[in-house]
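Chemist: Input structure: my_file_38.csv, which contains CSV, C-alpha atoms.
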```csv
chain,number,residue,atom,x,y,z
A,1,MET,CA,34.3,81.0,148.0
A,2,THR,CA,38.0,80.1,147.4
A,3,THR,CA,40.7,82.6,148.3
A,4,PRO,CA,43.7,82.6,146.1
A,5,SER,CA,46.9,81.6,147.9
A,6,ARG,CA,48.9,84.6,149.2
A,7,GLN,CA,52.1,82.6,149.2
A,8,TRP,CA,54.3,82.5,146.1
A,9,PRO,CA,54.9,79.1,144.6
A,10,LEU,CA,57.9,77.1,145.8
A,11,TRP,CA,60.8,76.4,143.5
A,12,GLU,CA,63.5,73.8,144.0
A,13,VAL,CA,67.1,75.0,143.4
A,14,PHE,CA,69.9,73.1,141.9
A,15,ILE,CA,73.4,74.5,141.8
A,16,ARG,CA,76.5,73.4,139.9
A,17,SER,CA,79.7,74.3,141.6
A,18,LYS,CA,82.7,75.6,139.6
A,19,ASN,CA,84.4,72.2,139.5
A,20,GLY,CA,81.2,70.2,139.7
A,21,LEU,CA,79.9,68.0,136.9
A,22,ASP,CA,76.3,68.0,137.9
A,23,HIS,CA,73.7,70.3,139.4
A,24,LYS,CA,73.0,69.4,143.0
A,25,HIS,CA,69.8,70.1,144.9
A,26,CYS,CA,70.6,72.7,147.6
A,27,GLY,CA,67.3,74.1,148.8
A,28,SER,CA,64.2,76.0,147.7
A,29,VAL,CA,62.9,79.6,147.2
A,30,HIS,CA,59.5,81.2,146.8
A,31,ALA,CA,59.0,83.3,143.7
A,32,PRO,CA,56.0,84.3,141.5
A,33,ASP,CA,57.8,83.3,138.3
A,34,ALA,CA,60.9,81.6,136.8
A,35,LYS,CA,62.8,84.8,136.3
A,36,MET,CA,62.5,85.9,139.9
A,37,ALA,CA,63.1,82.3,141.1
A,38,LEU,CA,66.5,82.4,139.4
A,39,GLY,CA,67.3,85.8,141.0
A,40,ASN,CA,66.2,84.7,144.4
A,41,ALA,CA,68.2,81.5,144.1
A,42,ARG,CA,71.2,83.5,143.1
A,43,ASP,CA,70.8,85.8,146.1
A,44,VAL,CA,70.1,83.1,148.6
A,45,TYR,CA,72.3,80.2,147.5
A,46,THR,CA,75.4,81.6,145.7
A,47,ARG,CA,76.5,84.3,148.1
A,48,ARG,CA,79.6,82.4,149.0
A,49,MET,CA,80.8,81.4,145.5
A,50,GLU,CA,78.9,78.1,145.7
A,51,GLY,CA,78.1,77.9,142.1
A,52,VAL,CA,78.4,78.9,138.4
A,53,SER,CA,75.1,77.6,137.2
A,54,ILE,CA,71.6,77.5,138.6
A,55,TRP,CA,68.6,75.4,137.7
A,56,VAL,CA,65.2,76.2,139.3
A,57,VAL,CA,62.1,74.1,138.8
A,58,ARG,CA,58.6,74.5,140.2
A,59,ALA,CA,58.4,72.1,143.2
A,60,ASP,CA,54.9,71.0,142.1
A,61,HIS,CA,56.4,69.9,138.7
A,62,ILE,CA,58.6,67.4,140.4
A,63,VAL,CA,57.1,63.9,140.5
A,64,ALA,CA,58.4,62.1,143.5
A,65,SER,CA,58.2,58.5,144.6
A,66,ASP,CA,55.9,57.6,147.5
A,67,PRO,CA,57.9,57.2,150.7
A,68,ASP,CA,55.4,54.6,151.8
A,69,ALA,CA,56.2,52.5,148.7
A,70,LYS,CA,59.8,52.1,149.8
A,71,PRO,CA,59.5,48.3,150.5
A,72,GLU,CA,58.3,47.4,147.0
A,73,MET,CA,60.3,50.2,145.2
A,74,PHE,CA,63.8,49.7,146.8
A,75,ASP,CA,64.1,46.7,149.1
A,76,PRO,CA,64.0,44.1,146.3
A,77,ALA,CA,67.4,45.4,145.0
A,78,GLU,CA,69.0,44.6,148.3
A,79,ASP,CA,69.9,40.9,147.6
A,80,LYS,CA,70.7,41.3,143.9
A,81,ILE,CA,74.5,41.5,144.4
A,82,TYR,CA,75.0,40.1,140.9
A,83,ARG,CA,73.9,43.5,139.6
A,84,HIS,CA,77.2,45.0,140.7
A,85,PRO,CA,80.1,44.5,138.3
A,86,THR,CA,82.4,43.6,141.3
A,87,PHE,CA,80.3,40.4,141.7
A,88,TYR,CA,82.1,38.9,138.7
A,89,THR,CA,85.6,37.5,138.7
A,90,LEU,CA,87.2,38.4,135.4
A,91,PRO,CA,89.9,36.4,133.7
A,92,ASP,CA,93.3,37.8,134.2
A,93,GLU,CA,93.5,38.8,130.6
A,94,VAL,CA,90.7,41.4,131.0
A,95,ASN,CA,91.1,42.2,134.6
A,96,HIS,CA,92.5,45.6,134.0
A,97,MET,CA,89.8,46.8,131.7
B,1,MET,CA,109.5,108.5,148.1
B,2,THR,CA,111.2,111.9,148.4
B,3,SER,CA,108.1,114.0,147.9
B,4,ALA,CA,104.6,112.8,147.9
B,5,THR,CA,102.7,113.7,144.8
B,6,LYS,CA,100.3,116.4,145.7
B,7,THR,CA,96.7,115.3,145.1
B,8,HIS,CA,94.4,117.9,143.8
B,9,PRO,CA,91.7,118.6,146.4
B,10,ALA,CA,89.1,118.2,143.6
B,11,HIS,CA,90.4,114.7,143.0
B,12,LEU,CA,89.7,113.7,146.6
B,13,GLU,CA,86.3,115.4,146.4
B,14,TYR,CA,85.4,113.5,143.3
B,15,VAL,CA,86.3,110.1,144.9
B,16,LEU,CA,84.4,111.0,148.2
B,17,ARG,CA,81.3,111.8,146.2
B,18,ILE,CA,81.3,108.3,144.8
B,19,ALA,CA,82.4,106.6,148.1
B,20,ASP,CA,79.9,108.4,150.3
B,21,THR,CA,77.0,107.7,147.9
B,22,SER,CA,77.7,104.0,148.1
B,23,LEU,CA,78.2,104.1,151.8
B,24,ILE,CA,75.0,105.9,152.7
B,25,LEU,CA,72.9,103.9,150.3
B,26,GLY,CA,74.4,100.7,151.8
B,27,GLN,CA,73.5,102.0,155.3
B,28,ARG,CA,69.9,102.8,154.2
B,29,LEU,CA,69.5,99.4,152.6
B,30,ALA,CA,70.9,97.7,155.7
B,31,GLU,CA,67.8,99.0,157.5
B,32,TRP,CA,65.8,96.5,155.5
B,33,CYS,CA,67.6,93.6,157.1
B,34,GLY,CA,64.9,91.5,158.9
B,35,HIS,CA,62.1,93.7,157.4
B,36,GLY,CA,62.0,92.5,153.8
B,37,PRO,CA,58.6,91.6,152.3
B,38,VAL,CA,59.8,88.0,151.9
B,39,ILE,CA,62.9,86.2,153.2
B,40,GLU,CA,64.4,86.0,149.6
B,41,GLU,CA,64.0,89.7,149.1
B,42,ASP,CA,65.3,90.5,152.5
B,43,ILE,CA,68.5,88.6,151.6
B,44,ALA,CA,68.7,90.3,148.2
B,45,LEU,CA,68.5,93.8,149.7
B,46,THR,CA,71.1,92.9,152.3
B,47,ASN,CA,73.4,91.5,149.6
B,48,ILE,CA,73.1,94.8,147.7
B,49,ALA,CA,73.8,96.7,150.9
B,50,LEU,CA,76.9,94.7,151.5
B,51,ASP,CA,78.1,95.2,147.9
B,52,LEU,CA,77.7,98.9,148.4
B,53,VAL,CA,79.5,99.0,151.7
B,54,GLY,CA,82.2,96.9,150.1
B,55,GLN,CA,82.6,99.5,147.3
B,56,ALA,CA,82.6,102.3,150.0
B,57,ARG,CA,85.4,100.5,151.9
B,58,LEU,CA,87.7,100.4,148.9
B,59,LEU,CA,86.8,103.9,147.8
B,60,LEU,CA,87.2,105.4,151.3
B,61,THR,CA,90.6,103.6,151.8
B,62,HIS,CA,91.6,105.1,148.5
B,63,ALA,CA,90.3,108.6,149.5
B,64,GLY,CA,92.4,108.3,152.7
B,65,THR,CA,95.5,107.6,150.6
B,66,LEU,CA,94.7,110.6,148.4
B,67,GLU,CA,94.1,112.8,151.4
B,68,GLY,CA,97.5,111.8,152.8
B,69,GLN,CA,96.7,112.5,156.4
B,70,GLY,CA,96.7,108.9,157.6
B,71,ARG,CA,92.9,108.5,157.8
B,72,ASP,CA,91.6,105.0,157.0
B,73,GLU,CA,88.2,103.8,155.8
B,74,ASP,CA,86.8,103.6,159.3
B,75,GLN,CA,87.9,107.1,160.3
B,76,LEU,CA,86.4,108.5,157.2
B,77,ALA,CA,83.1,106.6,157.6
B,78,PHE,CA,82.6,107.0,161.3
B,79,LEU,CA,84.4,110.1,162.4
B,80,ARG,CA,83.5,112.7,159.8
B,81,ARG,CA,80.7,115.1,160.5
B,82,GLU,CA,77.6,115.9,158.4
B,83,PRO,CA,79.0,118.6,156.2
B,84,GLU,CA,82.1,116.6,155.4
B,85,PHE,CA,80.1,113.9,153.6
B,86,ARG,CA,79.8,114.2,149.9
B,87,ASN,CA,77.0,111.7,149.0
B,88,LEU,CA,74.1,112.5,146.7
B,89,THR,CA,71.1,113.6,148.8
B,90,ILE,CA,68.8,111.0,147.3
B,91,VAL,CA,70.6,108.1,149.1
B,92,GLU,CA,70.2,109.7,152.6
B,93,LEU,CA,66.4,110.0,152.3
B,94,PRO,CA,64.4,107.5,154.4
B,95,ASN,CA,63.6,104.3,152.7
B,96,GLY,CA,59.9,104.8,152.6
B,97,ASP,CA,58.0,101.7,151.4
B,98,PHE,CA,59.5,98.8,149.5
B,99,GLY,CA,58.6,100.4,146.1
B,100,ARG,CA,60.3,103.6,146.9
B,101,THR,CA,63.4,101.8,148.1
B,102,ILE,CA,63.5,99.8,144.9
B,103,LEU,CA,62.9,102.8,142.7
B,104,ARG,CA,65.8,104.6,144.4
B,105,ASN,CA,68.1,101.6,143.8
B,106,PHE,CA,67.0,101.6,140.2
B,107,LEU,CA,67.8,105.3,139.7
B,108,VAL,CA,71.1,105.2,141.5
B,109,ALA,CA,72.3,101.9,140.1
B,110,ALA,CA,71.6,103.2,136.5
B,111,TRP,CA,73.7,106.2,137.3
B,112,GLN,CA,76.5,104.2,139.0
B,113,ARG,CA,76.6,101.9,136.0
B,114,GLU,CA,77.3,104.8,133.6
B,115,LEU,CA,79.9,106.3,136.0
B,116,TYR,CA,81.8,103.1,136.7
B,117,GLN,CA,81.9,102.3,133.0
B,118,ALA,CA,83.4,105.7,132.3
B,119,LEU,CA,85.9,105.4,135.2
B,120,ALA,CA,87.5,102.3,133.6
B,121,LYS,CA,89.5,104.8,131.6
B,122,SER,CA,90.5,106.8,134.7
B,123,SER,CA,94.1,108.2,135.0
B,124,ASP,CA,93.7,107.1,138.6
B,125,THR,CA,94.3,103.4,138.1
B,126,GLU,CA,93.2,102.5,141.6
B,127,LEU,CA,89.9,104.3,141.1
B,128,GLY,CA,89.6,102.5,137.7
B,129,ALA,CA,90.1,99.1,139.3
B,130,ILE,CA,87.6,99.7,142.0
B,131,ALA,CA,85.1,100.9,139.3
B,132,ALA,CA,85.7,97.8,137.2
B,133,LYS,CA,85.0,95.5,140.2
B,134,SER,CA,82.0,97.5,141.3
B,135,LEU,CA,80.5,97.6,137.8
B,136,LYS,CA,79.7,93.9,137.9
B,137,GLU,CA,77.8,94.3,141.2
B,138,THR,CA,76.0,97.4,139.9
B,139,ARG,CA,74.8,95.6,136.8
B,140,TYR,CA,73.1,93.1,139.0
B,141,HIS,CA,71.6,95.8,141.2
B,142,ALA,CA,70.3,97.6,138.2
B,143,GLN,CA,68.7,94.3,136.8
B,144,HIS,CA,67.2,93.4,140.2
B,145,ALA,CA,65.7,96.9,140.6
B,146,SER,CA,64.4,97.3,137.1
B,147,ASP,CA,62.6,93.9,137.3
B,148,TRP,CA,60.8,95.1,140.4
B,149,VAL,CA,60.1,98.5,139.0
B,150,ILE,CA,58.3,96.9,136.0
B,151,ARG,CA,56.5,94.4,138.2
B,152,LEU,CA,55.2,96.9,140.7
B,153,GLY,CA,54.7,99.8,138.2
B,154,ASP,CA,52.7,97.6,135.8
B,155,GLY,CA,51.3,95.5,138.7
B,156,THR,CA,48.1,96.1,140.7
B,157,GLU,CA,46.3,99.4,141.1
B,158,GLU,CA,47.9,99.7,144.6
B,159,SER,CA,51.4,98.9,143.5
B,160,HIS,CA,51.2,101.3,140.6
B,161,ARG,CA,49.9,104.0,142.8
B,162,ARG,CA,52.8,103.5,145.2
B,163,MET,CA,55.4,103.4,142.5
B,164,GLN,CA,54.1,106.5,140.8
B,165,ALA,CA,54.2,108.3,144.2
B,166,ALA,CA,57.8,107.1,144.6
B,167,VAL,CA,58.7,108.5,141.1
B,168,ASP,CA,57.1,111.8,142.0
B,169,VAL,CA,59.0,112.0,145.3
B,170,LEU,CA,62.4,110.8,144.1
B,171,TRP,CA,62.7,112.2,140.5
B,172,PRO,CA,63.6,115.8,141.5
B,173,TYR,CA,66.6,114.4,143.5
B,174,THR,CA,68.1,112.9,140.4
B,175,ALA,CA,68.9,116.4,139.1
B,176,GLU,CA,71.8,116.4,141.5
B,177,PHE,CA,73.3,113.4,139.7
B,178,PHE,CA,74.1,115.7,136.7
B,179,SER,CA,74.6,119.2,138.1
B,180,ALA,CA,77.8,120.8,137.0
B,181,THR,CA,80.5,121.6,139.6
B,182,PRO,CA,84.1,122.9,139.4
B,183,VAL,CA,85.2,119.4,140.7
B,184,ASP,CA,83.9,117.9,137.5
B,185,ASP,CA,86.0,120.3,135.4
B,186,VAL,CA,89.2,119.3,137.3
B,187,ALA,CA,88.3,115.6,137.0
B,188,VAL,CA,88.0,116.0,133.2
B,189,ALA,CA,91.1,118.1,132.9
B,190,THR,CA,93.2,115.5,134.8
B,191,SER,CA,91.4,112.5,133.2
B,192,VAL,CA,90.3,111.2,136.6
B,193,GLY,CA,86.8,110.7,135.5
B,194,PRO,CA,83.9,112.0,133.5
B,195,ALA,CA,82.0,115.2,134.2
B,196,TRP,CA,78.8,114.0,135.8
B,197,PRO,CA,76.6,116.2,133.5
B,198,ALA,CA,78.0,114.2,130.6
B,199,LEU,CA,76.4,111.0,132.1
B,200,GLU,CA,72.8,112.3,131.8
B,201,SER,CA,71.9,111.3,128.3
B,202,ALA,CA,73.1,107.7,128.7
B,203,TRP,CA,71.3,107.5,132.1
B,204,THR,CA,68.1,108.9,130.7
B,205,ALA,CA,68.2,106.5,127.8
B,206,ALA,CA,68.6,103.6,130.2
B,207,VAL,CA,66.0,104.7,132.7
B,208,THR,CA,63.2,106.0,130.5
B,209,PRO,CA,62.3,102.7,128.7
B,210,VAL,CA,62.0,100.8,131.9
B,211,LEU,CA,59.7,103.4,133.4
B,212,GLU,CA,57.7,103.4,130.2
B,213,VAL,CA,57.2,99.6,130.4
B,214,ALA,CA,56.3,100.1,134.0
B,215,THR,CA,53.6,102.6,132.9
B,216,LEU,CA,55.1,105.2,135.2
B,217,LYS,CA,55.0,108.9,134.3
B,218,ILE,CA,58.2,110.9,134.5
B,219,PRO,CA,57.7,114.3,136.1
B,220,ALA,CA,59.0,117.4,134.3
B,221,ARG,CA,62.3,118.8,135.6
B,222,THR,CA,61.9,121.7,138.0
B,223,PRO,CA,64.5,124.1,139.5
B,224,PHE,CA,64.7,121.9,142.6
B,225,LEU,CA,68.3,121.0,143.1
B,226,THR,CA,69.8,119.2,146.1
B,227,ARG,CA,73.5,119.7,147.1
B,228,GLY,CA,74.5,116.7,149.1
B,229,LYS,CA,77.6,116.2,147.0
B,230,LEU,CA,78.7,119.7,148.1
B,231,GLY,CA,78.2,118.8,151.8
B,232,VAL,CA,74.8,120.4,152.2
B,233,HIS,CA,72.4,117.7,153.4
B,234,SER,CA,68.8,117.1,154.1
B,235,GLU,CA,67.4,117.0,157.6
B,236,HIS,CA,67.4,113.2,157.5
B,237,PHE,CA,71.2,112.9,157.3
B,238,GLY,CA,72.1,113.8,160.9
B,239,HIS,CA,69.8,111.1,162.2
B,240,LEU,CA,71.3,108.6,159.9
B,241,LEU,CA,74.8,109.4,161.1
B,242,THR,CA,73.8,109.2,164.7
B,243,GLY,CA,72.9,105.5,164.1
B,244,MET,CA,75.7,104.7,161.8
B,245,GLN,CA,78.4,106.4,163.9
B,246,TYR,CA,77.1,105.6,167.4
B,247,LEU,CA,79.5,102.8,168.2
B,248,GLN,CA,82.6,104.5,167.1
B,249,ARG,CA,81.7,107.8,168.8
B,250,THR,CA,80.8,106.0,172.0
B,251,TYR,CA,83.8,103.6,172.0
B,252,PRO,CA,86.5,105.5,170.1
B,253,GLY,CA,88.9,103.2,168.4
B,254,GLY,CA,86.7,100.1,169.2
B,255,THR,CA,87.2,97.2,166.9
B,256,TRP,CA,85.6,93.8,166.4
```
What does this structure look like when you write it as structure tokens?

Modeler:
Amino acid sequence: MTTPSRQWPLWEVFIRSKNGLDHKHCGSVHAPDAKMALGNARDVYTRRMEGVSIWVVRADHIVASDPDAKPEMFDPAEDKIYRHPTFYTLPDEVNHM
Amino acid sequence: MTSATKTHPAHLEYVLRIADTSLILGQRLAEWCGHGPVIEEDIALTNIALDLVGQARLLLTHAGTLEGQGRDEDQLAFLRREPEFRNLTIVELPNGDFGRTILRNFLVAAWQRELYQALAKSSDTELGAIAAKSLKETRYHAQHASDWVIRLGDGTEESHRRMQAAVDVLWPYTAEFFSATPVDDVAVATSVGPAWPALESAWTAAVTPVLEVATLKIPARTPFLTRGKLGVHSEHFGHLLTGMQYLQRTYPGGTW
């Protein structure tokens, strides 16, 4: 027999500050549904005027990369310095673009 | 100033009723700190408690000014005795379970919302400004509580049973929200604020649909009428004050 989980699902919380352009991850809350997740996020993470907009998303809806796959995922970018615009010397005529 | 404007005693009474109701509900909700059913709700209840204490601080400071005897918010909160408090009786009742706590928040916040809205037009501009600030907080309190009332009322058999029990216990105390007193007549005559009986229809219209969605039955009105706003309190109030006032009574004048 399986017993249903007594714990509410976990939601990740993203807050945009008053002068911020993007929502930044700031933590998580437990809640039975989206509405209460927003309320809980408001109560837990915006008590000190941290934000003017909140996103919540079910933690199990986030697809994350595998930490063990770091070597093949991210290390190959290390020596590709030509992918940075600063790698290139521009002619003086366009140097201020 | 050559002569201080004489404040009508009823004006002070009117403000104290609002101030003390916020203060005592804040004190009761603070008892939940560390005892909430989940950490998020624990913080939510404590936030609401702090909002209410914040409202009480502004209102009591204002009451001290109206009184004109040099008493500040702390002296009014911590050095008055039981019969000098003017809060509605419902807020001094013990919290009970989470459902009863939430239902009380719901009933009181819906009342505060109507009152604060009406106070925006007060001839007492300080009171009007405090009401305008408090109204935003109260709207959230009302939303938070009504979400829970619906969830729990229309929830499991157990949660419904507890919520209906809470309605049955608390409903009679809401009669005091709207009972007529001479203070109301003066408040209306001087445009300080609405007569509280006049708030009943808007309050009922706000509260009834939520309770219906929550599948909760509203009991019939009875002659039961509490008189906390007249200074006549329940047996629970003295115990609350001993906790709330202990520090100031034991170390008079003590500050942080």

Chemist: Provide the CA of Ala56 (chain B) to CA of Ser22 (chain B) distance in Å, to one decimal place.

Modeler: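 So the two atoms, CA of Ala56 (chain B) and CA of Ser22 (chain B), lie 5.5 Å apart.
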
Chemist: Would you mind listing, as a ChimeraX atom specification, all residues of chain A that have at least one atom within 10 Å of chain B, where all atoms listed in the file are what counts?

Modeler: /A:7-8,29-31,35-37,39-44,47

Chemist: Neighbourhood query: residues within 12 Å of (89.3, 115.8, 142.6), file coordinates, counting only C-alpha atoms; return as a ChimeraX atom specification.

Modeler: /B:6-18,63,66-67,123-124,127,181-195

Chemist: Write the residues of the selection above to a file with C-alpha atoms, as a PDB file, keeping the file's coordinate frame.

Modeler:
```pdb
ATOM      1  CA  LYS B   6     100.300 116.400 145.700  1.00  0.00           C
ATOM      2  CA  THR B   7      96.700 115.300 145.100  1.00  0.00           C
ATOM      3  CA  HIS B   8      94.400 117.900 143.800  1.00  0.00           C
ATOM      4  CA  PRO B   9      91.700 118.600 146.400  1.00  0.00           C
ATOM      5  CA  ALA B  10      89.100 118.200 143.600  1.00  0.00           C
ATOM      6  CA  HIS B  11      90.400 114.700 143.000  1.00  0.00           C
ATOM      7  CA  LEU B  12      89.700 113.700 146.600  1.00  0.00           C
ATOM      8  CA  GLU B  13      86.300 115.400 146.400  1.00  0.00           C
ATOM      9  CA  TYR B  14      85.400 113.500 143.300  1.00  0.00           C
ATOM     10  CA  VAL B  15      86.300 110.100 144.900  1.00  0.00           C
ATOM     11  CA  LEU B  16      84.400 111.000 148.200  1.00  0.00           C
ATOM     12  CA  ARG B  17      81.300 111.800 146.200  1.00  0.00           C
ATOM     13  CA  ILE B  18      81.300 108.300 144.800  1.00  0.00           C
ATOM     14  CA  ALA B  63      90.300 108.600 149.500  1.00  0.00           C
ATOM     15  CA  LEU B  66      94.700 110.600 148.400  1.00  0.00           C
ATOM     16  CA  GLU B  67      94.100 112.800 151.400  1.00  0.00           C
ATOM     17  CA  SER B 123      94.100 108.200 135.000  1.00  0.00           C
ATOM     18  CA  ASP B 124      93.700 107.100 138.600  1.00  0.00           C
ATOM     19  CA  LEU B 127      89.900 104.300 141.100  1.00  0.00           C
ATOM     20  CA  THR B 181      80.500 121.600 139.600  1.00  0.00           C
ATOM     21  CA  PRO B 182      84.100 122.900 139.400  1.00  0.00           C
ATOM     22  CA  VAL B 183      85.200 119.400 140.700  1.00  0.00           C
ATOM     23  CA  ASP B 184      83.900 117.900 137.500  1.00  0.00           C
ATOM     24  CA  ASP B 185      86.000 120.300 135.400  1.00  0.00           C
ATOM     25  CA  VAL B 186      89.200 119.300 137.300  1.00  0.00           C
ATOM     26  CA  ALA B 187      88.300 115.600 137.000  1.00  0.00           C
ATOM     27  CA  VAL B 188      88.000 116.000 133.200  1.00  0.00           C
ATOM     28  CA  ALA B 189      91.100 118.100 132.900  1.00  0.00           C
ATOM     29  CA  THR B 190      93.200 115.500 134.800  1.00  0.00           C
ATOM     30  CA  SER B 191      91.400 112.500 133.200  1.00  0.00           C
ATOM     31  CA  VAL B 192      90.300 111.200 136.600  1.00  0.00           C
ATOM     32  CA  GLY B 193      86.800 110.700 135.500  1.00  0.00           C
ATOM     33  CA  PRO B 194      83.900 112.000 133.500  1.00  0.00           C
ATOM     34  CA  ALA B 195      82.000 115.200 134.200  1.00  0.00           C
TER      35      ALA B 195
END
```

Chemist: May I have the residues within 10 Å of Val108 (chain B) as a PDB file with C-alpha atoms, in the frame of the given file, using all atoms listed in the file and disregarding those fewer than 6 positions away in the same chain?

Modeler:
```
ATOM      1  CA  THR B  21      77.000 107.700 147.900  1.00  0.00           C
ATOM      2  CA  SER B  22      77.700 104.000 148.100  1.00  0.00           C
ATOM      3  CA  LEU B  25      72.900 103.900 150.300  1.00  0.00           C
ATOM      4  CA  LEU B  88      74.100 112.500 146.700  1.00  0.00           C
ATOM      5  CA  ILE B  90      68.800 111.000 147.300  1.00  0.00           C
ATOM      6  CA  VAL B  91      70.600 108.100 149.100  1.00  0.00           C
ATOM      7  CA  ILE B 102      63.500  99.800 144.900  1.00  0.00           C
ATOM      8  CA  THR B 138      76.000  97.400 139.900  1.00  0.00           C
ATOM      9  CA  HIS B 141      71.600  95.800 141.200  1.00  0.00           C
ATOM     10  CA  ALA B 142      70.300  97.600 138.200  1.00  0.00           C
ATOM     11  CA  ALA B 145      65.700  96.900 140.600  1.00  0.00           C
ATOM     12  CA  THR B 174      68.100 112.900 140.400  1.00  0.00           C
ATOM     13  CA  PHE B 177      73.300 113.400 139.700  1.00  0.00           C
ATOM     14  CA  TRP B 203      71.300 107.500 132.100  1.00  0.00           C
TER      15      TRP B 203
END
```

Chemist: Need the shell around Glu137 (chain B): protein/DNA/RNA residues with any atom at most 12 Å away, counting all atoms listed in the file. Skip same-chain ones fewer than 5 positions apart. Format as a PyMOL selection string?

Modeler: chain B and resi 22+47-55+109-110+112-113+116+130-132+142-144

Chemist: Just C-alpha atoms for this one: save the residues we selected as an mmCIF file, in the frame of the given file.

Modeler:
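out27.cif, freshly written:
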```
data_model
loop_
_atom_site.group_PDB
_atom_site.id
_atom_site.type_symbol
_atom_site.label_atom_id
_atom_site.label_comp_id
_atom_site.auth_asym_id
_atom_site.auth_seq_id
_atom_site.Cartn_x
_atom_site.Cartn_y
_atom_site.Cartn_z
ATOM 1 C CA SER B 22 77.700 104.000 148.100
ATOM 2 C CA ASN B 47 73.400 91.500 149.600
ATOM 3 C CA ILE B 48 73.100 94.800 147.700
ATOM 4 C CA ALA B 49 73.800 96.700 150.900
ATOM 5 C CA LEU B 50 76.900 94.700 151.500
ATOM 6 C CA ASP B 51 78.100 95.200 147.900
ATOM 7 C CA LEU B 52 77.700 98.900 148.400
ATOM 8 C CA VAL B 53 79.500 99.000 151.700
ATOM 9 C CA GLY B 54 82.200 96.900 150.100
ATOM 10 C CA GLN B 55 82.600 99.500 147.300
ATOM 11 C CA ALA B 109 72.300 101.900 140.100
ATOM 12 C CA ALA B 110 71.600 103.200 136.500
ATOM 13 C CA GLN B 112 76.500 104.200 139.000
ATOM 14 C CA ARG B 113 76.600 101.900 136.000
ATOM 15 C CA TYR B 116 81.800 103.100 136.700
ATOM 16 C CA ILE B 130 87.600 99.700 142.000
ATOM 17 C CA ALA B 131 85.100 100.900 139.300
ATOM 18 C CA ALA B 132 85.700 97.800 137.200
ATOM 19 C CA ALA B 142 70.300 97.600 138.200
ATOM 20 C CA GLN B 143 68.700 94.300 136.800
ATOM 21 C CA HIS B 144 67.200 93.400 140.200
#
```

Chemist: Give me, as a ChimeraX atom specification, all polymer residues having an atom no more than 12 Å from Trp256 (chain B), counting all atoms listed in the file and skipping those fewer than 4 positions away in the same chain.

Modeler: /B:247-248,251

Chemist: Produce a file of the selected residues containing C-alpha atoms, as a CSV table (one decimal), keeping the file's coordinate frame.

Modeler:
```csv
chain,number,residue,atom,x,y,z
B,247,LEU,CA,79.5,102.8,168.2
B,248,GLN,CA,82.6,104.5,167.1
B,251,TYR,CA,83.8,103.6,172.0
```

Chemist: To one decimal in Å, tell me the separation between CA of Lys229 (chain B) and CA of Pro83 (chain B).

Modeler: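 Here the two named atoms are 9.6 Å from each other.
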
Chemist: Could you please determine the separation between CA of Tyr45 (chain A) and CA of Lys133 (chain B) in Å, to one decimal place?

Modeler: 21.2 Å

Chemist: Check the smallest atom-to-atom distance from each of B:Gly254, B:Gly26, B:Pro197, B:Gly243 to Arg57 (chain B) using all atoms listed in the file, then report the winner.

Modeler: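 For Arg57 (chain B), the nearest of the candidates is B:Gly26.
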
Chemist: Starting from the point (80.2, 71.7, 141.8), work out which residues of protein, DNA or RNA have an atom no more than 12 Å away when counting all atoms listed in the file; state them as a VMD selection string.

Modeler: chain A and resid 14 to 26 46 49 to 54

Chemist: Using only the atoms of region 11-23 of chain B listed in the file, plus 6 Å on each side, state the axis-aligned box centre and edge lengths in Å rounded to one decimal, as lines of an AutoDock Vina configuration file.

Modeler:
```
center_x = 83.7
center_y = 109.7
center_z = 147.4
size_x = 25.4
size_y = 23.4
size_z = 20.8
```

Chemist: Give me the residues within 12 Å of Ala129 (chain B) as a PyMOL selection string, counting only C-alpha atoms and dropping any in the same chain fewer than 4 places off.

Modeler: chain B and resi 55+58-59+62+116-125+133-136

Chemist: Which residue gives the smallest distance to Glu12 (chain A) among A:Ile62, A:Ala77, A:Val57, A:Ala34, with only C-alpha atoms counted?

Modeler: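 Among the listed residues, A:Val57 lies closest to Glu12 (chain A).
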